[in-house]
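Q: Got a file for you: work.txt, compact mmCIF, C-alpha atoms.
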```txt
# COMPACT_ATOMS: atom_id res chain seq x y z
CA ALA A 273 -9.45 -1.19 15.12
CA LYS A 274 -11.78 -0.54 12.18
CA LEU A 275 -12.47 3.06 13.18
CA GLY A 276 -8.81 3.76 13.91
CA TRP A 277 -7.75 2.40 10.53
CA PHE A 278 -10.36 4.51 8.75
CA VAL A 279 -9.43 7.66 10.66
CA PHE A 280 -5.73 7.61 9.86
CA GLU A 281 -6.01 6.42 6.23
CA SER A 282 -9.03 8.45 5.08
CA PRO A 283 -7.35 11.89 4.71
CA ASN A 284 -5.62 10.62 1.56
CA LEU A 285 -8.98 9.87 -0.05
CA ILE A 286 -10.77 12.94 1.30
CA LEU A 287 -8.08 15.39 0.21
CA ALA A 288 -7.73 13.75 -3.20
CA ALA A 289 -11.48 14.21 -3.68
CA TRP A 290 -11.28 17.81 -2.44
CA SER A 291 -8.43 18.52 -4.84
CA TYR A 292 -10.44 17.08 -7.71
CA LEU A 293 -13.43 19.26 -6.89
CA HIS A 294 -11.14 22.33 -6.94
CA ARG A 295 -9.04 21.21 -9.92
CA ASP A 296 -7.64 23.52 -12.57
CA GLU A 297 -9.70 22.40 -15.56
CA ALA A 298 -7.23 23.98 -17.97
CA LEU A 299 -4.57 21.40 -17.08
CA PHE A 300 -6.58 18.50 -15.69
CA HIS A 301 -6.93 16.05 -18.57
CA HIS A 302 -7.07 12.28 -19.12
CA ALA A 303 -3.61 11.53 -17.74
CA ASN A 304 -4.24 13.54 -14.56
CA ALA A 305 -7.57 11.76 -14.08
CA ALA A 306 -6.02 8.33 -14.59
CA LEU A 307 -3.19 9.02 -12.14
CA LEU A 308 -5.52 10.45 -9.51
CA SER A 309 -7.74 7.39 -9.98
CA MET A 310 -4.80 5.10 -9.19
CA PHE A 311 -4.24 6.92 -5.93
CA CYS A 312 -7.95 6.87 -5.03
CA ILE A 313 -8.46 3.20 -5.92
CA HIS A 314 -5.77 2.22 -3.43
CA TYR A 315 -7.27 4.36 -0.68
CA ILE A 316 -10.85 3.31 -1.31
CA ASN A 317 -9.58 -0.16 -0.52
CA ARG A 318 -7.29 0.87 2.30
CA SER A 319 -9.56 3.30 4.15
CA VAL A 320 -13.01 1.78 3.45
CA ILE A 321 -12.97 -1.82 2.21
CA TYR A 322 -10.02 -3.06 4.25
CA PRO A 323 -11.37 -1.88 7.63
CA LEU A 324 -14.79 -3.37 6.86
CA CYS A 325 -13.12 -6.74 6.20
CA MET A 326 -11.13 -6.70 9.43
CA SER A 327 -12.14 -9.29 12.00
CA ARG A 328 -13.59 -8.29 15.34
CA SER A 329 -10.54 -9.79 17.02
CA SER A 330 -8.16 -7.33 15.31
CA ARG A 331 -6.06 -5.39 17.76
CA PRO A 332 -6.98 -1.71 18.22
CA VAL A 333 -4.74 0.83 16.52
CA PRO A 334 -2.61 2.57 19.19
CA LEU A 335 -3.46 6.26 19.55
CA ALA A 336 0.09 7.39 18.77
CA VAL A 337 0.11 5.33 15.57
CA ALA A 338 -3.30 6.65 14.53
CA VAL A 339 -2.28 10.28 15.14
CA SER A 340 1.08 10.01 13.37
CA GLY A 341 -0.50 8.12 10.46
CA TRP A 342 -3.30 10.67 10.19
CA SER A 343 -0.77 13.53 10.17
CA TYR A 344 1.26 12.03 7.36
CA CYS A 345 -1.84 11.14 5.34
CA MET A 346 -3.07 14.74 5.64
CA VAL A 347 0.18 16.00 4.14
CA ASN A 348 0.46 13.26 1.53
CA GLY A 349 -3.18 13.43 0.42
CA TYR A 350 -2.90 17.17 -0.07
CA LEU A 351 0.44 16.87 -1.86
CA GLN A 352 -0.68 14.15 -4.29
CA GLY A 353 -4.05 15.75 -4.95
CA GLN A 354 -2.71 19.24 -5.53
CA SER A 355 0.13 17.97 -7.69
CA LEU A 356 -2.25 16.22 -10.08
CA CYS A 357 -5.10 18.73 -9.95
CA GLN A 358 -3.28 22.06 -9.84
CA LYS A 359 0.29 21.66 -11.06
CA GLU A 360 1.19 18.79 -13.39
CA VAL A 361 0.68 19.37 -17.11
CA TYR A 362 1.01 16.22 -19.19
CA PRO A 363 1.19 15.98 -23.00
CA GLU A 364 -2.12 15.24 -24.69
CA LYS A 365 -1.12 11.66 -25.56
CA TYR A 366 0.82 10.98 -22.36
CA ILE A 367 -1.67 8.28 -21.36
CA LYS A 368 -0.44 6.25 -24.35
CA SER A 369 3.25 6.83 -23.67
CA PRO A 370 5.60 3.97 -22.64
CA ARG A 371 6.30 5.64 -19.28
CA PHE A 372 2.62 5.83 -18.36
CA LEU A 373 1.83 2.32 -19.61
CA VAL A 374 4.77 0.74 -17.79
CA GLY A 375 3.97 2.61 -14.58
CA ALA A 376 0.27 1.76 -14.73
CA THR A 377 1.06 -1.91 -15.36
CA ILE A 378 3.39 -2.07 -12.34
CA PHE A 379 0.73 -0.34 -10.24
CA ILE A 380 -1.98 -2.83 -11.26
CA ILE A 381 0.30 -5.81 -10.58
CA GLY A 382 1.19 -4.37 -7.18
CA LEU A 383 -2.45 -3.75 -6.35
CA ALA A 384 -3.33 -7.35 -7.25
CA ILE A 385 -0.48 -8.68 -5.08
CA ASN A 386 -1.53 -6.43 -2.20
CA LEU A 387 -5.21 -7.44 -2.34
CA HIS A 388 -4.41 -11.15 -2.69
CA SER A 389 -1.91 -11.03 0.18
CA ASP A 390 -4.38 -9.21 2.44
CA GLY A 391 -6.87 -11.98 1.72
CA ILE A 392 -4.36 -14.65 2.70
CA LEU A 393 -3.60 -12.87 5.97
CA ARG A 394 -7.32 -12.57 6.77
CA ALA A 395 -7.73 -16.29 6.11
CA LEU A 396 -5.08 -17.07 8.75
CA LYS A 397 -7.42 -15.75 11.41
CA SER A 398 -9.92 -18.43 10.45
CA GLY A 399 -7.41 -21.26 10.74
CA GLY A 400 -5.40 -21.26 7.49
CA GLY A 401 -1.64 -21.54 7.22
CA ILE A 402 0.80 -23.54 9.32
CA THR A 403 0.84 -23.27 13.09
CA SER A 404 3.94 -22.24 14.98
CA THR A 405 5.81 -25.11 16.61
CA ASN A 406 6.48 -22.84 19.58
CA ASN A 407 2.96 -21.63 20.19
CA THR A 408 0.18 -23.73 18.67
CA ASN A 409 -2.56 -21.24 19.39
CA ALA A 410 -1.40 -17.84 18.27
CA TYR A 411 0.58 -17.56 15.04
CA ARG A 412 0.68 -19.21 11.62
CA ILE A 413 2.91 -19.16 8.56
CA PRO A 414 1.14 -17.53 5.59
CA ARG A 415 1.11 -19.64 2.44
CA GLY A 416 0.28 -18.97 -1.19
CA GLY A 417 0.88 -16.23 -3.72
CA PHE A 418 3.94 -14.09 -3.13
CA PHE A 419 4.16 -15.36 0.44
CA GLU A 420 6.02 -18.29 -1.09
CA LEU A 421 8.78 -15.82 -1.98
CA VAL A 422 8.70 -13.17 0.77
CA SER A 423 7.53 -12.88 4.36
CA CYS A 424 5.67 -9.61 3.76
CA ALA A 425 3.96 -10.03 0.40
CA ASN A 426 1.40 -7.36 1.26
CA TYR A 427 4.19 -4.83 1.78
CA PHE A 428 5.88 -5.90 -1.46
CA GLY A 429 2.62 -5.34 -3.33
CA GLU A 430 2.23 -1.87 -1.87
CA ILE A 431 5.79 -0.88 -2.79
CA CYS A 432 5.11 -2.10 -6.34
CA GLU A 433 1.96 0.02 -6.45
CA TRP A 434 3.71 3.23 -5.51
CA ALA A 435 6.76 2.46 -7.65
CA GLY A 436 4.44 2.14 -10.65
CA TYR A 437 2.57 5.27 -9.60
CA ALA A 438 5.84 7.21 -9.32
CA VAL A 439 6.96 6.03 -12.77
CA ALA A 440 3.62 7.00 -14.32
CA CYS A 441 3.37 10.38 -12.53
CA ASN A 442 7.00 11.33 -13.16
CA ASN A 443 6.98 14.02 -10.49
CA LEU A 444 8.56 14.74 -7.11
CA ALA A 445 5.32 14.34 -5.16
CA ALA A 446 4.90 10.71 -6.26
CA LEU A 447 8.61 10.01 -5.82
CA SER A 448 8.53 11.35 -2.27
CA PHE A 449 5.59 9.06 -1.52
CA LEU A 450 7.50 6.06 -2.85
CA ALA A 451 10.53 7.01 -0.74
CA PHE A 452 8.38 7.29 2.39
CA THR A 453 6.67 3.97 1.66
CA CYS A 454 10.01 2.20 1.29
CA SER A 455 11.47 3.81 4.41
CA ASN A 456 8.38 2.75 6.36
CA LEU A 457 7.74 -0.76 5.04
CA ILE A 458 11.22 -2.18 4.42
CA PRO A 459 12.41 -1.92 8.07
CA ARG A 460 9.09 -3.36 9.24
CA ALA A 461 9.39 -6.24 6.78
CA LEU A 462 12.94 -7.02 7.93
CA SER A 463 11.73 -7.05 11.53
CA HIS A 464 8.76 -9.31 10.69
CA HIS A 465 11.02 -11.66 8.73
CA GLU A 466 13.44 -11.99 11.63
CA TRP A 467 10.52 -12.64 13.97
CA TYR A 468 9.20 -15.41 11.71
CA LEU A 469 12.64 -17.06 11.63
CA GLN A 470 12.84 -17.00 15.42
CA LYS A 471 9.24 -18.06 15.98
CA PHE A 472 9.04 -20.97 13.55
CA ASN A 473 11.65 -23.71 13.57
CA ASP A 474 10.47 -24.87 10.14
CA TYR A 475 10.11 -21.47 8.49
CA PRO A 476 10.97 -21.62 4.75
CA LEU A 477 14.57 -20.45 4.50
CA GLN A 478 14.29 -19.56 0.81
CA ARG A 479 11.90 -16.72 1.60
CA ARG A 480 13.23 -13.19 1.63
CA ALA A 481 11.78 -10.40 3.76
CA ILE A 482 10.13 -8.15 1.17
CA ILE A 483 11.80 -8.23 -2.29
CA PRO A 484 11.82 -11.67 -3.96
CA PHE A 485 15.29 -13.23 -4.29
CA ILE A 486 16.98 -10.02 -3.10
CA LEU A 487 16.02 -8.66 0.34
```
When written as structure tokens, how does the structure in this file appear?

A:
Amino acid sequence: AKLGWFVFESPNLILAAWSYLHRDEALFHHANAALLSMFCIHYINRSVIYPLCMSRSSRPVPLAVAVSGWSYCMVNGYLQGQSLCQKEVYPEKYIKSPRFLVGATIFIIGLAINLHSDGILRALKSGGGITSTNNTNAYRIPRGGFFELVSCANYFGEICEWAGYAVACNNLAALSFLAFTCSNLIPRALSHHEWYLQKFNDYPLQRRAIIPFIL
């Protein structure tokens, strides 16, 4: 599981680093560096730290999932890296602009939600949460943080990250990544939410699937 997760997530980080090493120094300034750092911070966690924190009991990543994930990450890592290192020219003071500051703030909030939610899910494997009334051994209701509002708080945090990133980048590459993230995570969250409702007789009915109070 750890190796599979690293393999299909790591192209984002590797290609971002490659793009930085081959950057156009005439256009790559503070804003480009800050935006690329946002992207890399997420994938340092996702491709390195997260797999290392996975328990030994984690299910292996299916080969088809690993291959399809790796393929997308190859394209996306190249697209994001090249956009910020070879194409996008931002004004000198863009890093102080309202658009950048709002986007960066949303990204940081989303990252915090994502990291905290991942920690809650890891804790479930060591006995936290509330046990299913249908199967006392296998599954538990996550509690705490944004899990009090949505079933998939980790997904909500990730969508917030890339929404903030897209706002701050203000380009089609980042917007396409946000669109893909939403199209991937929202259906999964709706499916997970429905599963929780069927699995747990006492599941909190006020929780939404992925967007607090809305969806």

Q: Atom CA of Ile321 of chain A to atom CA of Gly382 of chain A: how many Å, to one decimal?

A: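 Separation of atom CA of Ile321 of chain A and atom CA of Gly382 of chain A: 17.2 Å.
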
Q: Could you state the separation of atom CA of Leu477 of chain A and atom CA of Ile380 of chain A in Å, given to one decimal place?

A: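 Taking atom CA of Leu477 of chain A and atom CA of Ile380 of chain A, their separation equals 28.9 Å.
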
Q: Just want the 10 Å neighbourhood of Tyr475 of chain A, counted on only C-alpha atoms, with same-chain residues fewer than 2 positions away dropped. Output as an mmCIF file with C-alpha atoms, keeping the file's coordinate frame.

A:
```cif
data_model
loop_
_atom_site.group_PDB
_atom_site.id
_atom_site.type_symbol
_atom_site.label_atom_id
_atom_site.label_comp_id
_atom_site.auth_asym_id
_atom_site.auth_seq_id
_atom_site.Cartn_x
_atom_site.Cartn_y
_atom_site.Cartn_z
ATOM 1 C CA ILE A 402 0.800 -23.540 9.320
ATOM 2 C CA SER A 404 3.940 -22.240 14.980
ATOM 3 C CA THR A 405 5.810 -25.110 16.610
ATOM 4 C CA ILE A 413 2.910 -19.160 8.560
ATOM 5 C CA SER A 423 7.530 -12.880 4.360
ATOM 6 C CA HIS A 465 11.020 -11.660 8.730
ATOM 7 C CA TYR A 468 9.200 -15.410 11.710
ATOM 8 C CA LEU A 469 12.640 -17.060 11.630
ATOM 9 C CA GLN A 470 12.840 -17.000 15.420
ATOM 10 C CA LYS A 471 9.240 -18.060 15.980
ATOM 11 C CA PHE A 472 9.040 -20.970 13.550
ATOM 12 C CA ASN A 473 11.650 -23.710 13.570
ATOM 13 C CA LEU A 477 14.570 -20.450 4.500
ATOM 14 C CA GLN A 478 14.290 -19.560 0.810
ATOM 15 C CA ARG A 479 11.900 -16.720 1.600
#
```

Q: Using all atoms listed in the file for the distances, tell me which of A:Trp434, A:Tyr350, A:Tyr362, A:Trp277 is nearest to His314 of chain A.

A: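 Residue with the minimum atom-to-atom distance to His314 of chain A: A:Trp434.
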
Q: Env of Leu293 of chain A: 10 Å cut, atoms = all atoms listed in the file, seq-sep filter 5 positions within chain, self excluded. Answer as a PDB file with C-alpha atoms, keeping the file's coordinate frame.

A:
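Wrote it out as selection_22.pdb, contents follow:
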```
ATOM      1  CA  LEU A 287      -8.080  15.390   0.210  1.00  0.00           C
ATOM      2  CA  ALA A 288      -7.730  13.750  -3.200  1.00  0.00           C
ATOM      3  CA  CYS A 357      -5.100  18.730  -9.950  1.00  0.00           C
TER       4      CYS A 357
END
```

Q: Excluding same-chain residues fewer than 6 positions from segment 302-308 of chain A, what lies within 10 Å of it counting all atoms listed in the file, as a PyMOL selection string?

A: chain A and resi 288-289+291-292+352-353+355-368+372+375-376+437-438+440-441

Q: Write the residues of the preceding selection, restricted to C-alpha atoms, as a PDB file, in the coordinates of the input.

A:
```pdb
ATOM      1  CA  ALA A 288      -7.730  13.750  -3.200  1.00  0.00           C
ATOM      2  CA  ALA A 289     -11.480  14.210  -3.680  1.00  0.00           C
ATOM      3  CA  SER A 291      -8.430  18.520  -4.840  1.00  0.00           C
ATOM      4  CA  TYR A 292     -10.440  17.080  -7.710  1.00  0.00           C
ATOM      5  CA  GLN A 352      -0.680  14.150  -4.290  1.00  0.00           C
ATOM      6  CA  GLY A 353      -4.050  15.750  -4.950  1.00  0.00           C
ATOM      7  CA  SER A 355       0.130  17.970  -7.690  1.00  0.00           C
ATOM      8  CA  LEU A 356      -2.250  16.220 -10.080  1.00  0.00           C
ATOM      9  CA  CYS A 357      -5.100  18.730  -9.950  1.00  0.00           C
ATOM     10  CA  GLN A 358      -3.280  22.060  -9.840  1.00  0.00           C
ATOM     11  CA  LYS A 359       0.290  21.660 -11.060  1.00  0.00           C
ATOM     12  CA  GLU A 360       1.190  18.790 -13.390  1.00  0.00           C
ATOM     13  CA  VAL A 361       0.680  19.370 -17.110  1.00  0.00           C
ATOM     14  CA  TYR A 362       1.010  16.220 -19.190  1.00  0.00           C
ATOM     15  CA  PRO A 363       1.190  15.980 -23.000  1.00  0.00           C
ATOM     16  CA  GLU A 364      -2.120  15.240 -24.690  1.00  0.00           C
ATOM     17  CA  LYS A 365      -1.120  11.660 -25.560  1.00  0.00           C
ATOM     18  CA  TYR A 366       0.820  10.980 -22.360  1.00  0.00           C
ATOM     19  CA  ILE A 367      -1.670   8.280 -21.360  1.00  0.00           C
ATOM     20  CA  LYS A 368      -0.440   6.250 -24.350  1.00  0.00           C
ATOM     21  CA  PHE A 372       2.620   5.830 -18.360  1.00  0.00           C
ATOM     22  CA  GLY A 375       3.970   2.610 -14.580  1.00  0.00           C
ATOM     23  CA  ALA A 376       0.270   1.760 -14.730  1.00  0.00           C
ATOM     24  CA  TYR A 437       2.570   5.270  -9.600  1.00  0.00           C
ATOM     25  CA  ALA A 438       5.840   7.210  -9.320  1.00  0.00           C
ATOM     26  CA  ALA A 440       3.620   7.000 -14.320  1.00  0.00           C
ATOM     27  CA  CYS A 441       3.370  10.380 -12.530  1.00  0.00           C
TER      28      CYS A 441
END
```

Q: From the list A:Asn348, A:Trp342, A:Asn317, A:Glu466, which residue is nearest Leu444 of chain A when using only C-alpha atoms?

A: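 So, comparing all the options, the nearest one is A:Asn348.
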
Q: Choose the residue, out of A:Leu487, A:Ile381, A:Leu462, A:Val279, that has the smallest atom-to-atom separation from Ser340 of chain A; count all atoms listed in the file.

A: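 Of A:Leu487, A:Ile381, A:Leu462, A:Val279, the one nearest Ser340 of chain A is A:Val279, counting all atoms listed in the file.
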
Q: Would you mind reading off the distance between atom CA of Leu373 of chain A and atom CA of Gln354 of chain A, one decimal, in Å?

A: 22.5 Å

Q: Residues within 10 Å of Ala451 of chain A, please, as a list in words. Count all atoms listed in the file; anything in the same chain fewer than 2 positions from it doesn't count.

A: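 Result of the neighbour search: Ile431, Trp434, Ala435, Ala438, Ala446, Leu447, Ser448, Phe449, Thr453, Cys454, Ser455 and Asn456 of chain A.
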
Q: At a cut-off of 9 Å, can you tabulate as JSON lines every residue of segment 398-468 of chain A near segment 383-387 of chain A together with its closest atom pair and the distance in Å to one decimal, using only C-alpha atoms and ordering rows by chain then number?

A:
```
{"residue": "A:Gly417", "atom": "CA", "partner": "A:Ile385", "partner_atom": "CA", "distance": 7.8}
{"residue": "A:Phe418", "atom": "CA", "partner": "A:Ile385", "partner_atom": "CA", "distance": 7.3}
{"residue": "A:Ala425", "atom": "CA", "partner": "A:Asn386", "partner_atom": "CA", "distance": 7.1}
{"residue": "A:Asn426", "atom": "CA", "partner": "A:Asn386", "partner_atom": "CA", "distance": 4.6}
{"residue": "A:Tyr427", "atom": "CA", "partner": "A:Asn386", "partner_atom": "CA", "distance": 7.1}
{"residue": "A:Phe428", "atom": "CA", "partner": "A:Asn386", "partner_atom": "CA", "distance": 7.5}
{"residue": "A:Gly429", "atom": "CA", "partner": "A:Asn386", "partner_atom": "CA", "distance": 4.4}
{"residue": "A:Glu430", "atom": "CA", "partner": "A:Asn386", "partner_atom": "CA", "distance": 5.9}
{"residue": "A:Cys432", "atom": "CA", "partner": "A:Leu383", "partner_atom": "CA", "distance": 7.7}
{"residue": "A:Glu433", "atom": "CA", "partner": "A:Leu383", "partner_atom": "CA", "distance": 5.8}
```

Q: Grab all the atoms of segment 455-471 of chain A that the file lists, wrap them in a box along x, y and z, add 8 Å per side, and give me centre plus edge lengths in Å (one decimal) as AutoDock Vina command-line options.

A:
```
--center_x 10.6 --center_y -7.1 --center_z 10.2 --size_x 21.7 --size_y 37.9 --size_z 27.6
```

Q: Out of A:Ile486, A:Cys325, A:Leu396, A:Cys424, which residue has the shortest atom-to-atom distance to Leu457 of chain A when counting all atoms listed in the file?

A: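 Distance minimum relative to Leu457 of chain A lands on A:Cys424.
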